[in-house]
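File shown: target.tsv (TSV, C-alpha atoms (C1' of nucleotides)).
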```tsv
chain	number	residue	atom	x	y	z
A	23	MET	CA	-6.44	28.17	-12.87
A	24	ASN	CA	-5.02	24.66	-13.16
A	25	LEU	CA	-1.30	24.44	-13.86
A	26	THR	CA	1.02	21.61	-14.81
A	27	ILE	CA	4.60	21.63	-13.57
A	28	THR	CA	5.75	23.07	-16.88
A	29	GLU	CA	3.08	25.76	-16.83
A	30	LEU	CA	3.93	26.67	-13.24
A	31	TYR	CA	7.60	27.07	-14.15
A	32	GLU	CA	6.78	29.16	-17.20
A	33	LYS	CA	4.43	31.39	-15.23
A	34	MET	CA	7.02	31.94	-12.53
A	35	HIS	CA	9.68	32.63	-15.12
A	36	GLN	CA	7.47	35.13	-16.92
A	37	ASN	CA	6.68	36.99	-13.71
A	38	MET	CA	10.09	36.82	-12.08
A	39	GLY	CA	12.68	36.44	-14.85
A	40	ASN	CA	15.80	34.35	-14.38
A	41	SER	CA	16.51	33.37	-10.81
A	42	GLY	CA	20.23	33.81	-11.33
A	43	TRP	CA	21.02	30.84	-9.11
A	44	TRP	CA	23.65	29.57	-8.47
A	45	SER	CA	26.29	32.17	-9.21
A	46	ALA	CA	29.65	30.56	-8.56
A	47	GLU	CA	33.02	30.45	-10.23
A	48	SER	CA	33.35	26.68	-10.09
A	49	LYS	CA	31.46	23.51	-9.35
A	50	ALA	CA	33.58	22.98	-6.28
A	51	GLU	CA	32.29	26.30	-4.98
A	52	ILE	CA	28.71	25.14	-5.51
A	53	ILE	CA	29.41	21.90	-3.65
A	54	VAL	CA	30.82	23.81	-0.70
A	55	GLY	CA	27.91	26.26	-0.82
A	56	ALA	CA	25.32	23.48	-1.00
A	57	ILE	CA	26.67	22.00	2.22
A	58	MET	CA	27.18	25.31	4.00
A	59	ILE	CA	23.62	26.46	3.29
A	60	GLN	CA	22.04	23.44	5.00
A	61	ASN	CA	19.51	24.76	7.49
A	62	THR	CA	20.96	28.23	7.73
A	63	ASN	CA	20.74	31.55	5.90
A	64	TRP	CA	23.00	32.81	3.15
A	65	ARG	CA	24.52	35.46	5.38
A	66	ASN	CA	26.04	32.76	7.56
A	67	ALA	CA	26.71	30.31	4.76
A	68	ASP	CA	28.51	32.92	2.70
A	69	LYS	CA	30.91	33.70	5.51
A	70	ALA	CA	32.03	30.11	5.42
A	71	VAL	CA	32.10	30.07	1.61
A	72	ALA	CA	34.26	33.20	1.65
A	73	GLY	CA	36.64	31.49	4.04
A	74	PHE	CA	37.00	28.55	1.69
A	75	ARG	CA	37.63	30.92	-1.20
A	76	LYS	CA	40.33	32.76	0.68
A	77	GLN	CA	42.09	29.67	1.97
A	78	THR	CA	41.66	27.19	-0.90
A	79	ASN	CA	40.23	29.08	-3.88
A	80	PHE	CA	37.97	25.99	-4.10
A	81	ASP	CA	40.84	23.88	-5.36
A	82	PRO	CA	39.70	20.33	-4.50
A	83	ASN	CA	43.25	19.27	-3.69
A	84	LYS	CA	43.70	22.14	-1.26
A	85	ILE	CA	40.36	21.36	0.35
A	86	ARG	CA	41.41	17.73	0.81
A	87	GLN	CA	44.68	18.83	2.39
A	88	LEU	CA	42.97	20.78	5.15
A	89	THR	CA	43.23	19.27	8.61
A	90	THR	CA	40.05	18.50	10.50
A	91	GLU	CA	40.67	21.52	12.71
A	92	GLU	CA	41.24	23.83	9.72
A	93	LEU	CA	38.14	22.51	8.01
A	94	GLN	CA	35.98	22.99	11.08
A	95	ALA	CA	37.29	26.52	11.54
A	96	LEU	CA	36.28	27.39	7.98
A	97	VAL	CA	32.82	25.86	8.37
A	98	ARG	CA	32.07	27.31	11.80
A	99	PRO	CA	30.27	30.53	10.73
A	100	ALA	CA	27.72	28.40	8.86
A	101	GLY	CA	26.81	26.39	11.95
A	102	PHE	CA	26.72	22.61	12.47
A	103	TYR	CA	30.44	22.74	11.83
A	104	LYS	CA	31.19	19.13	12.80
A	105	ASN	CA	28.61	17.61	10.48
A	106	LYS	CA	29.25	20.00	7.61
A	107	SER	CA	33.02	19.65	7.75
A	108	ARG	CA	32.60	15.88	7.60
A	109	ALA	CA	30.37	16.29	4.57
A	110	VAL	CA	32.90	18.48	2.75
A	111	ALA	CA	35.70	16.03	3.48
A	112	ALA	CA	33.54	13.09	2.44
A	113	ILE	CA	32.49	14.40	-0.93
A	114	PHE	CA	35.86	15.73	-2.03
A	115	THR	CA	37.53	12.50	-0.97
A	116	TRP	CA	34.87	10.59	-2.88
A	117	LEU	CA	35.45	12.73	-6.00
A	118	LEU	CA	39.08	11.71	-5.99
A	119	GLN	CA	38.01	8.19	-7.06
A	120	TYR	CA	36.78	9.74	-10.27
A	121	ASP	CA	39.76	12.01	-10.80
A	122	ASN	CA	37.67	15.06	-9.87
A	123	ASP	CA	35.90	14.58	-13.19
A	124	TYR	CA	32.16	15.19	-12.84
A	125	GLN	CA	31.40	13.69	-16.23
A	126	GLN	CA	33.27	10.55	-15.29
A	127	VAL	CA	31.18	10.34	-12.11
A	128	CYS	CA	28.04	10.40	-14.22
A	129	GLN	CA	29.32	7.86	-16.71
A	130	VAL	CA	30.41	5.39	-14.04
A	131	LEU	CA	27.55	5.77	-11.57
A	132	SER	CA	24.48	6.81	-13.51
A	133	PRO	CA	21.68	5.91	-12.86
A	134	LYS	CA	22.55	5.13	-9.24
A	135	LEU	CA	24.38	8.41	-8.69
A	136	ARG	CA	21.76	9.69	-6.25
A	137	GLN	CA	21.98	6.71	-3.94
A	138	GLU	CA	25.77	6.92	-4.02
A	139	LEU	CA	25.58	10.59	-3.00
A	140	LEU	CA	23.27	9.66	-0.12
A	141	LYS	CA	25.91	7.31	1.24
A	142	LEU	CA	28.20	10.28	1.89
A	143	HIS	CA	27.99	11.54	5.44
A	144	GLY	CA	26.17	14.84	5.58
A	145	ILE	CA	24.58	14.51	2.14
A	146	GLY	CA	20.83	13.96	2.50
A	147	ASP	CA	17.85	14.09	0.17
A	148	GLU	CA	17.90	17.79	-0.57
A	149	THR	CA	21.64	18.24	-0.97
A	150	ALA	CA	21.79	15.15	-3.19
A	151	ASP	CA	19.14	16.62	-5.47
A	152	VAL	CA	20.89	20.00	-5.49
A	153	LEU	CA	24.12	18.31	-6.52
A	154	LEU	CA	22.38	16.28	-9.23
A	155	THR	CA	20.86	19.44	-10.66
A	156	TYR	CA	23.68	21.95	-10.29
A	157	ILE	CA	26.81	19.77	-10.43
A	158	PHE	CA	25.97	16.69	-12.45
A	159	GLU	CA	23.46	18.42	-14.72
A	160	GLN	CA	20.79	15.81	-14.20
A	161	PRO	CA	17.56	17.83	-13.98
A	162	THR	CA	15.91	17.03	-10.66
A	163	PHE	CA	13.07	18.59	-8.72
A	164	ILE	CA	14.25	19.86	-5.35
A	165	SER	CA	11.41	19.50	-2.82
A	166	ASP	CA	12.83	21.82	-0.21
A	167	LYS	CA	10.83	23.69	2.42
A	168	TYR	CA	9.86	26.52	0.10
A	169	ALA	CA	8.72	24.07	-2.55
A	170	ARG	CA	6.56	22.25	-0.02
A	171	VAL	CA	5.00	25.47	1.25
A	172	LEU	CA	4.34	26.64	-2.31
A	173	PHE	CA	2.88	23.34	-3.48
A	174	THR	CA	0.71	23.21	-0.37
A	175	GLN	CA	-0.64	26.62	-1.30
A	176	LEU	CA	-1.27	25.25	-4.79
A	177	GLY	CA	-3.46	22.49	-3.41
A	178	VAL	CA	-1.14	19.51	-2.94
A	179	PRO	CA	-2.08	17.86	0.39
A	180	ASN	CA	0.01	16.31	3.16
A	181	LEU	CA	3.46	17.65	2.31
A	182	THR	CA	5.03	16.85	5.66
A	183	ASN	CA	8.61	16.09	4.67
A	184	TYR	CA	11.02	15.98	1.76
A	185	GLN	CA	10.00	12.64	0.29
A	186	SER	CA	6.28	13.35	0.59
A	187	LEU	CA	6.65	15.84	-2.25
A	188	ALA	CA	9.70	14.45	-4.05
A	189	LYS	CA	8.05	11.14	-4.80
A	190	GLN	CA	5.10	12.91	-6.41
A	191	VAL	CA	7.03	15.25	-8.69
A	192	LYS	CA	8.80	14.09	-11.78
A	193	LEU	CA	10.08	16.82	-14.05
A	194	PRO	CA	8.93	16.51	-17.67
A	195	ALA	CA	11.45	14.85	-19.99
A	196	ASP	CA	12.12	18.09	-21.86
A	197	PHE	CA	13.23	19.89	-18.69
A	198	THR	CA	16.89	20.84	-19.07
A	199	SER	CA	19.19	21.02	-16.08
A	200	THR	CA	19.34	24.78	-16.62
A	201	ALA	CA	15.55	24.93	-16.35
A	202	ALA	CA	15.58	22.72	-13.26
A	203	GLN	CA	18.15	25.01	-11.68
A	204	ASP	CA	16.13	28.07	-12.55
A	205	PHE	CA	12.90	26.49	-11.30
A	206	HIS	CA	14.44	25.75	-7.91
A	207	GLY	CA	15.84	29.26	-7.69
A	208	LEU	CA	12.52	30.82	-8.59
A	209	ILE	CA	10.64	28.74	-6.01
A	210	ASP	CA	12.96	29.87	-3.25
A	211	GLU	CA	12.95	33.49	-4.40
A	212	PHE	CA	9.18	33.35	-4.50
A	213	GLY	CA	9.10	31.95	-0.99
A	214	LYS	CA	11.30	34.68	0.39
A	215	ILE	CA	8.95	37.29	-1.03
A	216	TYR	CA	5.53	35.78	-0.38
A	217	PHE	CA	5.88	33.47	2.62
A	218	HIS	CA	6.84	36.15	5.15
A	219	PRO	CA	4.15	36.18	6.31
A	220	LEU	CA	2.34	33.41	4.50
A	221	THR	CA	-0.77	35.56	4.01
A	222	LYS	CA	1.11	37.55	1.38
A	223	PHE	CA	0.72	34.59	-0.92
A	224	GLN	CA	-2.80	35.82	-1.62
A	225	GLU	CA	-1.27	38.96	-3.14
A	226	SER	CA	1.00	36.97	-5.47
A	227	PHE	CA	0.56	36.13	-9.13
A	228	LEU	CA	-0.02	32.49	-8.13
A	229	ALA	CA	-2.97	33.19	-5.83
A	230	GLY	CA	-5.91	30.98	-6.74
A	231	ASP	CA	-3.88	28.64	-8.91
A	232	GLN	CA	-3.94	24.89	-8.45
A	233	LEU	CA	-1.18	22.49	-9.35
A	234	ILE	CA	-1.97	19.31	-11.25
A	235	LEU	CA	0.65	16.63	-10.63
B	10	DG	C1'	16.37	36.72	24.32
B	11	DG	C1'	13.74	33.82	21.44
B	12	DC	C1'	13.22	32.75	16.75
B	13	DC	C1'	14.59	31.59	12.33
B	14	DA	C1'	17.45	30.39	8.09
B	15	DG	C1'	17.48	26.75	1.07
B	16	DG	C1'	19.06	19.79	6.56
B	17	DA	C1'	21.09	15.57	8.12
B	18	DC	C1'	21.53	11.96	11.25
B	19	DA	C1'	21.05	8.88	15.27
B	20	DC	C1'	17.74	6.69	17.69
B	21	DC	C1'	13.40	4.73	18.46
B	22	DA	C1'	8.87	2.32	17.81
C	23	DT	C1'	8.96	3.82	7.11
C	24	DG	C1'	8.02	7.55	9.84
C	25	DG	C1'	8.42	10.71	13.95
C	26	DT	C1'	11.48	13.20	17.36
C	27	DG	C1'	15.67	15.26	19.54
C	28	DT	C1'	20.14	17.11	18.50
C	29	DC	C1'	23.52	19.46	16.11
C	30	DA	C1'	25.69	25.57	15.80
C	31	DT	C1'	25.87	30.12	14.07
C	32	DG	C1'	24.60	34.98	13.61
C	33	DG	C1'	21.16	38.63	12.63
C	34	DC	C1'	16.96	40.56	13.87
```
Using the file provided, produce a representation of the structure as structure tokens.
Amino acid sequence: MNLTITELYEKMHQNMGNSGWWSAESKAEIIVGAIMIQNTNWRNADKAVAGFRKQTNFDPNKIRQLTTEELQALVRPAGFYKNKSRAVAAIFTWLLQYDNDYQQVCQVLSPKLRQELLKLHGIGDETADVLLTYIFEQPTFISDKYARVLFTQLGVPNLTNYQSLAKQVKLPADFTSTAAQDFHGLIDEFGKIYFHPLTKFQESFLAGDQLIL
DNA sequence: GGCCAGGACACCA
DNA sequence: TGGTGTCATGGC
């Protein structure tokens, strides 16, 4: 069966319900989590997130006051602690220019918010899109590994890296940021269930479907 | 003990 | 612009 992006999302939602991502008490917690989760698993990332919670309660001012050594110690369980600690410092320092006001960031920088995020050390394509979707409420398709594997299974060729898919997918205009968040969550939940091993995809409710971009 | 998990970056051609 | 090596940790 041929599916549009909207139809794919609706089918996944019908079969899987709400993804429940990203449960967090504050946007600052999501920012920290988005950096900690880079190329690791949630078990490791969450140890670092828990450390930030305990030491700063995700208060941006307290995070900014951490020394480099303190920051690296908090990040360490998530791996790549030098790069990730730089990223945390970079983005919270950057936010200070906008008085920690996410709406002000959008008003001042939109529509070049994404390219400004990419200038921050440690913020690449995927994390920038995660932040756009979950922090700045600008619905964006996140072409992460699971999305590329899924879309490959759905017939989209040559998905070798992030941009190879990202440049092909534009979410429909009526996609809310809540839907974009849920879509991303569902894609990754789907991947965890059906891509280990990949052959299980043939047992899934999307087997035989083809995506029309 | 190797492999993997929701990447990013420097360096190179 | 696109490909490759490197960065770190912890669980299985």
- Task: Using all atoms listed in the file, select each residue of chain A with any atom at most 12 Å away from an atom of chain B, and give the selection as JSON, numbers by chain.
- Result: {"A": [43, 44, 55, 56, 57, 58, 59, 60, 61, 62, 63, 64, 65, 66, 67, 100, 101, 102, 104, 105, 106, 108, 109, 140, 141, 142, 143, 144, 145, 146, 147, 148, 149, 150, 152, 164, 165, 166, 167, 168, 169, 170, 183, 184, 206, 207, 208, 209, 210, 211, 212, 213, 214, 218]}
Give as a short mmCIF file (atom, residue, chain, number, x, y, z; two decimals) with C-alpha atoms (C1' of nucleotides), keeping the file's coordinate frame each residue that has an atom at most 9 Å from (25.5, 34.8, 15.6) in the file, counting all atoms listed in the file.
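Result saved to result.cif:
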```
data_model
loop_
_atom_site.label_atom_id
_atom_site.label_comp_id
_atom_site.auth_asym_id
_atom_site.auth_seq_id
_atom_site.Cartn_x
_atom_site.Cartn_y
_atom_site.Cartn_z
CA ASN A 66 26.04 32.76 7.56
CA PRO A 99 30.27 30.53 10.73
"C1'" DT C 31 25.87 30.12 14.07
"C1'" DG C 32 24.60 34.98 13.61
"C1'" DG C 33 21.16 38.63 12.63
#
```
- CA of Phe173 in chain A and CA of Ile27 in chain A are how many Å apart?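 Here the two named atoms are 10.4 Å from each other.
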- Message: Can you pull out the residues contacting Leu30 in chain A? Cut-off 10 Å, using all atoms listed in the file, and skip same-chain residues under 6 positions away; I want them as a PyMOL selection string.
- Response: chain A and resi 24+36+205+228+231-234
- Query: How many Å separate CA of Tyr156 in chain A from CA of Ser199 in chain A?
  - Reply: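 Answer for the CA of Tyr156 in chain A to CA of Ser199 in chain A separation: 7.4 Å.
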- Given the choices A:Gln185, A:Phe163, A:Ile53, A:Leu154, which gets closest to chain C if the distance is worked out from all atoms listed in the file?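 Smallest distance to chain C is found for A:Gln185.
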- Item | Between CA of Glu91 in chain A and CA of Asn79 in chain A, distance in Å (one decimal) |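 A separation of 18.2 Å between them.
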- Query: Smallest atom-to-atom distance to chain C: which of A:Leu93, A:Val178, A:Met38, A:Ala70, using all atoms listed in the file?
  - Reply: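 Looking only at the distances to chain C, the closest residue turns out to be A:Ala70.
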